[in-house]
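As stored in coords_8.cif (mmCIF, C-alpha atoms):
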data_protein
loop_
_atom_site.group_PDB
_atom_site.id
_atom_site.type_symbol
_atom_site.label_atom_id
_atom_site.label_comp_id
_atom_site.auth_asym_id
_atom_site.auth_seq_id
_atom_site.Cartn_x
_atom_site.Cartn_y
_atom_site.Cartn_z
ATOM 1 C CA MET A 1432 -40.470 2.589 21.779
ATOM 2 C CA VAL A 1433 -36.776 2.390 20.991
ATOM 3 C CA GLN A 1434 -34.927 -0.544 22.496
ATOM 4 C CA TRP A 1435 -32.370 0.531 25.106
ATOM 5 C CA PRO A 1436 -29.432 0.344 24.904
ATOM 6 C CA PRO A 1437 -29.256 0.010 21.102
ATOM 7 C CA ARG A 1438 -26.931 -2.660 19.789
ATOM 8 C CA PRO A 1439 -23.893 -1.584 17.754
ATOM 9 C CA PRO A 1440 -23.780 -3.100 14.261
ATOM 10 C CA ALA A 1441 -22.214 -6.576 14.194
ATOM 11 C CA VAL A 1442 -19.794 -5.645 11.398
ATOM 12 C CA VAL A 1443 -18.479 -2.144 11.011
ATOM 13 C CA ARG A 1444 -17.152 -1.745 7.515
ATOM 14 C CA GLN A 1445 -17.587 1.943 6.838
ATOM 15 C CA VAL A 1446 -17.739 5.212 8.657
ATOM 16 C CA GLU A 1447 -21.432 5.390 7.660
ATOM 17 C CA ASP A 1448 -22.176 2.333 9.829
ATOM 18 C CA VAL A 1449 -20.812 4.110 12.878
ATOM 19 C CA VAL A 1450 -22.656 7.311 12.010
ATOM 20 C CA ALA A 1451 -25.919 5.389 11.594
ATOM 21 C CA PHE A 1452 -25.416 3.702 14.952
ATOM 22 C CA LEU A 1453 -24.663 6.975 16.703
ATOM 23 C CA ARG A 1454 -27.873 8.378 15.246
ATOM 24 C CA THR A 1455 -29.923 5.478 16.690
ATOM 25 C CA LEU A 1456 -28.199 6.031 19.974
ATOM 26 C CA ARG A 1457 -29.193 9.683 20.061
ATOM 27 C CA ARG A 1458 -32.769 8.869 19.112
ATOM 28 C CA ALA A 1459 -32.884 6.326 21.914
ATOM 29 C CA ALA A 1460 -31.390 8.797 24.364
ATOM 30 C CA ILE A 1461 -34.073 11.360 23.538
ATOM 31 C CA ALA A 1462 -36.791 8.728 23.992
ATOM 32 C CA MET A 1463 -35.220 7.741 27.288
ATOM 33 C CA THR A 1464 -35.386 11.164 28.924
ATOM 34 C CA ALA A 1465 -39.043 10.370 29.759
ATOM 35 C CA HIS A 1466 -37.981 7.778 32.377
ATOM 36 C CA ARG A 1467 -34.843 8.964 34.210
ATOM 37 C CA PRO A 1468 -31.946 6.559 33.556
ATOM 38 C CA ASP A 1469 -29.791 5.144 36.344
ATOM 39 C CA ARG A 1470 -26.014 5.624 36.407
ATOM 40 C CA ARG A 1471 -25.215 2.195 34.970
ATOM 41 C CA THR A 1472 -27.307 2.706 31.846
ATOM 42 C CA LEU A 1473 -25.706 6.072 31.272
ATOM 43 C CA LEU A 1474 -22.215 4.597 31.551
ATOM 44 C CA ARG A 1475 -23.106 1.820 29.146
ATOM 45 C CA CYS A 1476 -24.467 4.446 26.799
ATOM 46 C CA ALA A 1477 -21.139 6.257 26.840
ATOM 47 C CA ALA A 1478 -19.036 3.116 26.371
ATOM 48 C CA LEU A 1479 -20.959 1.685 23.424
ATOM 49 C CA PRO A 1480 -20.023 4.214 20.747
ATOM 50 C CA CYS A 1481 -16.368 3.799 21.669
ATOM 51 C CA LEU A 1482 -16.672 0.039 21.225
ATOM 52 C CA ALA A 1483 -18.472 0.481 17.935
ATOM 53 C CA ALA A 1484 -15.783 2.803 16.612
ATOM 54 C CA LEU A 1485 -12.928 0.397 17.446
ATOM 55 C CA PRO A 1486 -13.113 -1.906 14.413
ATOM 56 C CA CYS A 1487 -13.463 1.174 12.243
ATOM 57 C CA LEU A 1488 -10.184 2.581 13.549
ATOM 58 C CA ALA A 1489 -8.383 -0.674 12.874
ATOM 59 C CA ARG A 1490 -9.569 -0.390 9.239
ATOM 60 C CA ALA A 1491 -8.979 -4.068 8.676
ATOM 61 C CA ALA A 1492 -10.472 -5.047 5.345
ATOM 62 C CA PRO A 1493 -10.804 -8.819 4.891
ATOM 63 C CA LEU A 1494 -9.984 -10.177 1.457
ATOM 64 C CA ALA A 1495 -13.192 -12.214 1.412
ATOM 65 C CA ALA A 1496 -15.181 -8.976 1.264
ATOM 66 C CA ALA A 1497 -13.243 -7.734 -1.782
ATOM 67 C CA PRO A 1498 -14.963 -7.436 -5.173
ATOM 68 C CA LYS A 1499 -14.593 -10.207 -7.780
ATOM 69 C CA ASP A 1500 -11.988 -8.607 -10.063
ATOM 70 C CA LEU A 1501 -9.756 -7.698 -7.124
ATOM 71 C CA GLN A 1502 -9.968 -11.275 -5.874
ATOM 72 C CA ALA A 1503 -9.181 -12.509 -9.388
ATOM 73 C CA ALA A 1504 -6.065 -10.300 -9.561
ATOM 74 C CA VAL A 1505 -4.925 -11.643 -6.192
ATOM 75 C CA ARG A 1506 -5.535 -15.235 -7.347
ATOM 76 C CA ARG A 1507 -3.510 -14.598 -10.513
ATOM 77 C CA PHE A 1508 -0.576 -13.336 -8.447
ATOM 78 C CA ALA A 1509 -0.829 -16.244 -5.996
ATOM 79 C CA GLY A 1510 -1.103 -18.714 -8.875
ATOM 80 C CA GLY A 1511 -4.164 -20.316 -7.292
ATOM 81 C CA ALA A 1512 -2.362 -20.989 -4.000
ATOM 82 C CA PRO A 1513 -4.332 -20.237 -0.821
ATOM 83 C CA VAL A 1514 -3.806 -16.749 0.595
ATOM 84 C CA ARG A 1515 -3.887 -16.422 4.373
ATOM 85 C CA GLU A 1516 -4.299 -13.232 6.320
ATOM 86 C CA GLY A 1517 -1.412 -11.868 8.368
ATOM 87 C CA LYS A 1518 2.333 -11.181 8.357
ATOM 88 C CA VAL A 1519 1.984 -8.212 5.985
ATOM 89 C CA THR A 1520 1.880 -4.634 7.268
ATOM 90 C CA ILE A 1521 0.526 -1.778 5.152
ATOM 91 C CA ASP A 1522 1.280 1.722 6.363
ATOM 92 C CA VAL A 1523 -0.909 4.338 4.677
ATOM 93 C CA ALA A 1524 -2.840 7.347 5.966
ATOM 94 C CA PRO A 1525 -6.541 6.525 6.598
ATOM 95 C CA LEU A 1526 -7.619 9.823 5.091
ATOM 96 C CA VAL A 1527 -5.800 10.980 1.974
ATOM 97 C CA GLU A 1528 -6.179 14.531 0.705
ATOM 98 C CA ASN A 1529 -4.599 14.103 -2.725
ATOM 99 C CA GLY A 1530 -5.075 10.823 -4.581
ATOM 100 C CA ASN A 1531 -2.396 11.745 -7.117
ATOM 101 C CA THR A 1532 0.393 10.930 -4.722
ATOM 102 C CA VAL A 1533 -0.307 8.729 -1.719
ATOM 103 C CA PRO A 1534 2.676 7.652 0.387
ATOM 104 C CA ILE A 1535 2.449 3.952 1.235
ATOM 105 C CA ALA A 1536 4.826 1.546 2.941
ATOM 106 C CA VAL A 1537 4.550 -2.238 3.005
ATOM 107 C CA SER A 1538 6.627 -4.639 5.031
ATOM 108 C CA VAL A 1539 6.793 -8.260 6.118
ATOM 109 C CA GLU A 1540 8.693 -9.531 9.157
ATOM 110 C CA SER A 1541 11.130 -12.136 7.908
ATOM 111 C CA PRO A 1542 14.700 -13.233 8.714
ATOM 112 C CA MET A 1543 15.513 -12.876 4.970
ATOM 113 C CA THR A 1544 17.849 -15.874 4.809
ATOM 114 C CA ALA A 1545 18.403 -18.081 1.760
ATOM 115 C CA THR A 1546 15.973 -20.670 3.121
ATOM 116 C CA GLU A 1547 13.385 -18.314 4.574
ATOM 117 C CA HIS A 1548 12.711 -14.995 2.894
ATOM 118 C CA VAL A 1549 10.035 -12.932 1.229
ATOM 119 C CA SER A 1550 10.317 -13.227 -2.540
ATOM 120 C CA ALA A 1551 7.675 -10.690 -3.573
ATOM 121 C CA ILE A 1552 5.043 -8.286 -2.307
ATOM 122 C CA ALA A 1553 2.270 -7.122 -4.651
ATOM 123 C CA VAL A 1554 -0.125 -4.269 -3.984
ATOM 124 C CA PHE A 1555 -3.627 -4.281 -5.488
ATOM 125 C CA ASN A 1556 -6.463 -1.762 -5.429
ATOM 126 C CA GLU A 1557 -10.211 -1.926 -5.755
ATOM 127 C CA LYS A 1558 -11.351 1.038 -7.861
ATOM 128 C CA ASN A 1559 -8.516 2.328 -10.069
ATOM 129 C CA PRO A 1560 -8.789 1.572 -13.823
ATOM 130 C CA GLU A 1561 -6.305 -1.283 -13.281
ATOM 131 C CA ARG A 1562 -6.141 -3.625 -10.271
ATOM 132 C CA ASN A 1563 -2.347 -3.796 -10.154
ATOM 133 C CA VAL A 1564 -0.457 -1.061 -8.376
ATOM 134 C CA VAL A 1565 3.102 -2.297 -7.930
ATOM 135 C CA VAL A 1566 5.023 -5.540 -7.398
ATOM 136 C CA PHE A 1567 8.257 -5.609 -5.378
ATOM 137 C CA HIS A 1568 10.784 -8.415 -5.786
ATOM 138 C CA PHE A 1569 13.210 -9.328 -3.021
ATOM 139 C CA THR A 1570 16.144 -11.637 -2.550
ATOM 140 C CA PRO A 1571 17.897 -12.650 0.693
ATOM 141 C CA ARG A 1572 20.294 -9.788 -0.113
ATOM 142 C CA SER A 1573 17.451 -7.291 0.267
ATOM 143 C CA GLY A 1574 18.052 -7.587 4.023
ATOM 144 C CA ARG A 1575 14.521 -6.544 4.935
ATOM 145 C CA ALA A 1576 11.216 -6.866 3.087
ATOM 146 C CA ALA A 1577 10.216 -3.252 3.626
ATOM 147 C CA VAL A 1578 9.472 -0.765 0.864
ATOM 148 C CA ALA A 1579 8.002 2.709 0.669
ATOM 149 C CA THR A 1580 6.628 4.394 -2.451
ATOM 150 C CA ARG A 1581 3.930 6.785 -3.653
ATOM 151 C CA ILE A 1582 0.857 5.657 -5.550
ATOM 152 C CA ARG A 1583 -2.293 7.024 -7.195
ATOM 153 C CA LEU A 1584 -5.802 6.374 -5.923
ATOM 154 C CA ALA A 1585 -8.818 7.183 -8.114
ATOM 155 C CA ALA A 1586 -11.374 6.911 -5.285
ATOM 156 C CA SER A 1587 -11.891 5.952 -1.660
ATOM 157 C CA GLN A 1588 -11.180 2.268 -1.741
ATOM 158 C CA LYS A 1589 -9.607 -0.861 -0.370
ATOM 159 C CA LEU A 1590 -5.915 -1.668 -0.827
ATOM 160 C CA VAL A 1591 -4.626 -5.222 -0.581
ATOM 161 C CA ALA A 1592 -1.005 -6.324 -0.246
ATOM 162 C CA ILE A 1593 0.003 -9.945 -0.877
ATOM 163 C CA ALA A 1594 3.375 -11.346 0.142
ATOM 164 C CA ARG A 1595 4.900 -14.444 -1.432
ATOM 165 C CA LEU A 1596 7.333 -16.250 0.844
ATOM 166 C CA SER A 1597 10.185 -18.505 -0.223
ATOM 167 C CA ASP A 1598 8.268 -21.549 1.073
ATOM 168 C CA GLY A 1599 5.496 -20.800 -1.452
ATOM 169 C CA SER A 1600 2.927 -19.546 1.057
ATOM 170 C CA HIS A 1601 0.999 -16.330 0.442
ATOM 171 C CA TRP A 1602 -0.059 -13.807 3.076
ATOM 172 C CA SER A 1603 -2.316 -10.805 2.787
ATOM 173 C CA ALA A 1604 -3.301 -7.575 4.471
ATOM 174 C CA GLY A 1605 -6.018 -5.121 3.509
ATOM 175 C CA VAL A 1606 -6.727 -1.537 4.397
ATOM 176 C CA ASP A 1607 -9.455 0.993 3.585
ATOM 177 C CA VAL A 1608 -8.426 4.450 2.446
ATOM 178 C CA VAL A 1609 -10.646 7.516 2.123
ATOM 179 C CA VAL A 1610 -9.561 9.859 -0.684
ATOM 180 C CA THR A 1611 -10.794 13.462 -0.922
ATOM 181 C CA LEU A 1612 -9.251 14.463 -4.275
ATOM 182 C CA ALA A 1613 -9.154 11.577 -6.735
ATOM 183 C CA GLY A 1614 -6.009 10.858 -8.737
ATOM 184 C CA CYS A 1615 -5.452 9.062 -12.063
ATOM 185 C CA LEU A 1616 -8.397 10.290 -14.091
ATOM 186 C CA GLU A 1617 -8.409 14.040 -13.629
ATOM 187 C CA GLY A 1618 -5.805 16.328 -15.137
ATOM 188 C CA SER A 1619 -3.152 17.432 -12.713
ATOM 189 C CA MET B 455 18.005 11.889 -19.497
ATOM 190 C CA ALA B 456 15.624 12.178 -16.631
ATOM 191 C CA ARG B 457 16.816 13.696 -13.400
ATOM 192 C CA THR B 458 17.353 11.230 -10.596
ATOM 193 C CA LEU B 459 17.939 11.548 -6.888
ATOM 194 C CA ILE B 460 19.632 8.688 -5.092
ATOM 195 C CA HIS B 461 20.150 8.587 -1.354
ATOM 196 C CA ALA B 462 22.401 5.716 -0.361
ATOM 197 C CA PRO B 463 25.076 5.712 2.336
ATOM 198 C CA LYS B 464 28.610 6.173 0.989
ATOM 199 C CA THR B 465 30.021 3.920 3.701
ATOM 200 C CA ALA B 466 28.548 1.081 5.735
ATOM 201 C CA ALA B 467 29.575 -1.678 8.098
ATOM 202 C CA ARG B 468 29.716 -5.213 6.695
ATOM 203 C CA GLY B 469 26.379 -6.983 7.095
ATOM 204 C CA GLU B 470 24.529 -3.769 7.886
ATOM 205 C CA VAL B 471 21.079 -3.366 6.329
ATOM 206 C CA ILE B 472 21.172 -0.019 4.549
ATOM 207 C CA GLU B 473 18.236 2.006 3.277
ATOM 208 C CA ILE B 474 18.336 3.336 -0.276
ATOM 209 C CA ARG B 475 15.911 5.975 -1.507
ATOM 210 C CA THR B 476 15.533 6.728 -5.213
ATOM 211 C CA LEU B 477 13.485 9.250 -7.140
ATOM 212 C CA ILE B 478 13.316 9.800 -10.889
ATOM 213 C CA ALA B 479 11.629 12.622 -12.807
ATOM 214 C CA HIS B 480 9.032 10.922 -15.011
ATOM 215 C CA PRO B 481 5.401 11.879 -15.818
ATOM 216 C CA MET B 482 4.089 8.271 -15.477
ATOM 217 C CA GLU B 483 1.303 9.130 -17.955
ATOM 218 C CA THR B 484 -1.393 6.569 -17.184
ATOM 219 C CA GLY B 485 -3.093 6.320 -20.581
ATOM 220 C CA TYR B 486 -6.458 7.044 -18.933
ATOM 221 C CA ARG B 487 -6.177 10.832 -18.931
ATOM 222 C CA ALA B 488 -7.496 13.146 -21.632
ATOM 223 C CA GLY B 489 -5.224 15.832 -23.063
ATOM 224 C CA PRO B 490 -6.124 19.435 -23.975
ATOM 225 C CA GLU B 491 -7.916 18.291 -27.196
ATOM 226 C CA GLY B 492 -10.022 15.769 -25.303
ATOM 227 C CA ARG B 493 -8.171 12.791 -26.725
ATOM 228 C CA LEU B 494 -6.644 10.237 -24.389
ATOM 229 C CA LEU B 495 -2.937 10.791 -23.849
ATOM 230 C CA PRO B 496 -0.957 7.665 -24.774
ATOM 231 C CA ARG B 497 0.491 5.693 -21.908
ATOM 232 C CA ASP B 498 4.079 6.502 -21.003
ATOM 233 C CA ILE B 499 5.170 4.851 -17.781
ATOM 234 C CA LEU B 500 8.200 3.208 -16.252
ATOM 235 C CA ARG B 501 7.666 -0.552 -16.175
ATOM 236 C CA ARG B 502 10.547 -1.821 -14.132
ATOM 237 C CA PHE B 503 13.112 -0.684 -11.613
ATOM 238 C CA THR B 504 16.107 -2.817 -10.716
ATOM 239 C CA CYS B 505 18.832 -2.300 -8.135
ATOM 240 C CA ARG B 506 21.992 -4.330 -8.596
ATOM 241 C CA TYR B 507 24.850 -4.700 -6.119
ATOM 242 C CA ASP B 508 28.009 -5.544 -8.068
ATOM 243 C CA GLY B 509 25.840 -6.955 -10.845
ATOM 244 C CA GLU B 510 23.593 -9.065 -8.621
ATOM 245 C CA VAL B 511 19.933 -8.038 -8.383
ATOM 246 C CA VAL B 512 19.090 -7.168 -4.777
ATOM 247 C CA PHE B 513 15.737 -5.454 -5.333
ATOM 248 C CA ALA B 514 13.338 -4.981 -8.251
ATOM 249 C CA ALA B 515 9.899 -3.502 -8.755
ATOM 250 C CA ASP B 516 7.236 -3.812 -11.476
ATOM 251 C CA LEU B 517 5.500 -0.465 -11.808
ATOM 252 C CA HIS B 518 1.958 0.015 -13.099
ATOM 253 C CA PRO B 519 0.059 3.214 -14.018
ATOM 254 C CA ALA B 520 -1.113 3.478 -10.384
ATOM 255 C CA VAL B 521 2.378 4.511 -9.312
ATOM 256 C CA ALA B 522 2.527 8.284 -8.827
ATOM 257 C CA ALA B 523 4.467 10.566 -11.169
ATOM 258 C CA ASN B 524 8.188 10.865 -10.398
ATOM 259 C CA PRO B 525 8.379 7.339 -8.933
ATOM 260 C CA TYR B 526 9.874 7.221 -5.460
ATOM 261 C CA LEU B 527 11.147 3.948 -4.037
ATOM 262 C CA ALA B 528 12.721 3.355 -0.643
ATOM 263 C CA PHE B 529 14.076 -0.132 -0.011
ATOM 264 C CA ARG B 530 16.878 -1.972 1.826
ATOM 265 C CA THR B 531 19.860 -4.084 1.021
ATOM 266 C CA VAL B 532 22.663 -5.743 2.959
ATOM 267 C CA ALA B 533 26.067 -4.073 2.655
ATOM 268 C CA THR B 534 28.165 -7.103 1.738
ATOM 269 C CA ALA B 535 31.326 -5.722 0.150
ATOM 270 C CA THR B 536 32.848 -2.535 -1.232
ATOM 271 C CA GLY B 537 31.436 -2.121 -4.700
ATOM 272 C CA THR B 538 28.919 -0.405 -6.910
ATOM 273 C CA LEU B 539 25.175 -0.023 -6.641
ATOM 274 C CA THR B 540 23.510 0.222 -10.049
ATOM 275 C CA PHE B 541 19.990 1.526 -10.498
ATOM 276 C CA THR B 542 18.100 0.915 -13.738
ATOM 277 C CA TRP B 543 14.710 2.255 -14.771
ATOM 278 C CA GLU B 544 13.058 0.805 -17.884
ATOM 279 C CA GLY B 545 9.820 2.009 -19.410
ATOM 280 C CA ASP B 546 7.562 2.622 -22.394
ATOM 281 C CA ASN B 547 8.928 4.109 -25.635
ATOM 282 C CA GLY B 548 12.287 2.445 -25.070
ATOM 283 C CA PHE B 549 13.081 4.393 -21.912
ATOM 284 C CA VAL B 550 16.189 3.099 -20.154
ATOM 285 C CA GLN B 551 18.270 4.957 -17.618
ATOM 286 C CA THR B 552 21.041 3.658 -15.440
ATOM 287 C CA GLU B 553 22.736 5.415 -12.538
ATOM 288 C CA SER B 554 25.373 4.053 -10.232
ATOM 289 C CA GLN B 555 26.935 4.882 -6.911
ATOM 290 C CA ALA B 556 29.956 3.484 -5.123
ATOM 291 C CA ILE B 557 29.716 2.102 -1.606
ATOM 292 C CA THR B 558 32.608 1.451 0.762
ATOM 293 C CA VAL B 559 32.073 -1.376 3.228
ATOM 294 C CA THR B 560 34.292 -1.590 6.282
#
Translate this file's structure into structure tokens.
Amino acid sequence: MVQWPPRPPAVVRQVEDVVAFLRTLRRAAIAMTAHRPDRRTLLRCAALPCLAALPCLARAAPLAAAPKDLQAAVRRFAGGAPVREGKVTIDVAPLVENGNTVPIAVSVESPMTATEHVSAIAVFNEKNPERNVVVFHFTPRSGRAAVATRIRLAASQKLVAIARLSDGSHWSAGVDVVVTLAGCLEGS
Amino acid sequence: MARTLIHAPKTAARGEVIEIRTLIAHPMETGYRAGPEGRLLPRDILRRFTCRYDGEVVFAADLHPAVAANPYLAFRTVATATGTLTFTWEGDNGFVQTESQAITVT
């Protein structure tokens, strides 16, 4: 007997998690047809997959879940200083068709004054041959800490951006990207 | 000389944050790709981009092999005074290229 309603996974990290959950849900729904469900159960059944898909859409990828070498690269950039999550925005398509050229934009909200500005933003990846992608350097004369560029991605992976502020604090943001055609390694 | 494309406003108001977009024709050979004979092609990338406003650095970027071919960079700067914007790309095999554009600030 399948438990009804099935619980969505506590942590949704990949599309597969959602797919697996939806499969359990269907199995449970088939088992349920034996005893006719009331309206409330049916509604709950419809709402659950939506709830389960929410964290997946946000694509937030915490730094703590990153592999060792990626974390090491981040630590090297931060110079051992603690890295907190927030402030940084990464704008990249969730599904990339061509890994050879992936448009990406990173930005940090900051007044960009002499006393309070963003001094650098570094972008790291998880599965390319090298962890570093690009490092941007800003001064108060940059006006805004917002940059757009195009990068290569060798596989579906996590991207992490770290911002260094003028007060010495470090902030991070992570995002998961699915790549259909890998860049870097294959001939173009 | 590699071909470059620079989009920066010719005129701006004082204190305005302007967007500058640059593109340079460069293969950005990663050093991880095999050539027609199966041997790895040697790395040939741009390492650094710098934008100067009347000689003062306003934006810079360290590029790694993960930056796509024909590096594109869009960034901002504050229009402070009438002057010259200088863009410099430096890379492997002694690659250096500098382009400049005048800006009139009112």
Exercise for review: List, as a ChimeraX atom specification, every residue that the PyMOL selection byres ((chain B) within 9 of (chain A)) selects in the file provided.
Suggested key: /B:469-472,475,483-484,486-489,511-534
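CA of His461 (chain B) lies 19.0 Å from CA of Thr560 (chain B).
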Exercise for review: Quick one: apply the PyMOL selection byres ((chain B and resi 542) around 7) to the file and drop the selected residues here as number ranges by chain.
Suggested key: B: 503-505, 540-541, 543-544, 551-553
**Study point:** Selection: 8 Å around Pro463 (chain B), all atoms listed in the file, excl. self and same-chain fewer than 5 positions, as a list in words
**Key:** Ile472, Glu473, Ile474 and Ile557 of chain B
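What separates CA of Lys464 (chain B) from CA of Gly537 (chain B) is a distance of 10.4 Å.
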Mind listing whatever residues come within 10 Å of the point (1.9, -2.4, 3.3)? Use only C-alpha atoms, file coordinates, and give them as a PDB file with C-alpha atoms, in the coordinates of the input.
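Final file, point_15.pdb:
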ATOM      1  CA  VAL A1519       1.984  -8.212   5.985  1.00  0.00           C
ATOM      2  CA  THR A1520       1.880  -4.634   7.268  1.00  0.00           C
ATOM      3  CA  ILE A1521       0.526  -1.778   5.152  1.00  0.00           C
ATOM      4  CA  ASP A1522       1.280   1.722   6.363  1.00  0.00           C
ATOM      5  CA  VAL A1523      -0.909   4.338   4.677  1.00  0.00           C
ATOM      6  CA  ILE A1535       2.449   3.952   1.235  1.00  0.00           C
ATOM      7  CA  ALA A1536       4.826   1.546   2.941  1.00  0.00           C
ATOM      8  CA  VAL A1537       4.550  -2.238   3.005  1.00  0.00           C
ATOM      9  CA  SER A1538       6.627  -4.639   5.031  1.00  0.00           C
ATOM     10  CA  VAL A1539       6.793  -8.260   6.118  1.00  0.00           C
ATOM     11  CA  ILE A1552       5.043  -8.286  -2.307  1.00  0.00           C
ATOM     12  CA  ALA A1553       2.270  -7.122  -4.651  1.00  0.00           C
ATOM     13  CA  VAL A1554      -0.125  -4.269  -3.984  1.00  0.00           C
ATOM     14  CA  ALA A1577      10.216  -3.252   3.626  1.00  0.00           C
ATOM     15  CA  VAL A1578       9.472  -0.765   0.864  1.00  0.00           C
ATOM     16  CA  ALA A1579       8.002   2.709   0.669  1.00  0.00           C
ATOM     17  CA  LEU A1590      -5.915  -1.668  -0.827  1.00  0.00           C
ATOM     18  CA  VAL A1591      -4.626  -5.222  -0.581  1.00  0.00           C
ATOM     19  CA  ALA A1592      -1.005  -6.324  -0.246  1.00  0.00           C
ATOM     20  CA  ILE A1593       0.003  -9.945  -0.877  1.00  0.00           C
ATOM     21  CA  ALA A1594       3.375 -11.346   0.142  1.00  0.00           C
ATOM     22  CA  SER A1603      -2.316 -10.805   2.787  1.00  0.00           C
ATOM     23  CA  ALA A1604      -3.301  -7.575   4.471  1.00  0.00           C
ATOM     24  CA  GLY A1605      -6.018  -5.121   3.509  1.00  0.00           C
ATOM     25  CA  VAL A1606      -6.727  -1.537   4.397  1.00  0.00           C
TER      26      VAL A1606
END
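The smallest atom-to-atom distance between Val1610 (chain A) and any of A:Gln1502, A:Ser1597, A:Asn1529, A:Thr1544, using only C-alpha atoms, is found for A:Asn1529.
You will find CA of Thr476 (chain B) at 18.0 Å from CA of Gly509 (chain B).
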How would you write, as a PDB file with C-alpha atoms, in the frame of the given file, the residues chosen by the PyMOL selection byres ((chain B and resi 479) around 7) on this structure?
ATOM      1  CA  ALA B 456      15.624  12.178 -16.631  1.00  0.00           C
ATOM      2  CA  ARG B 457      16.816  13.696 -13.400  1.00  0.00           C
ATOM      3  CA  THR B 458      17.353  11.230 -10.596  1.00  0.00           C
ATOM      4  CA  LEU B 477      13.485   9.250  -7.140  1.00  0.00           C
ATOM      5  CA  ILE B 478      13.316   9.800 -10.889  1.00  0.00           C
ATOM      6  CA  HIS B 480       9.032  10.922 -15.011  1.00  0.00           C
ATOM      7  CA  PRO B 481       5.401  11.879 -15.818  1.00  0.00           C
ATOM      8  CA  ASN B 524       8.188  10.865 -10.398  1.00  0.00           C
TER       9      ASN B 524
END
Check your understanding: Do you know which residues lie at most 6 Å from (12.9, 1.7, -17.6), with coordinates as in the file and all atoms listed in the file counted, and could you write them as JSON, numbers by chain?
Key -> {"B": [500, 501, 502, 543, 544, 545, 549, 550]}
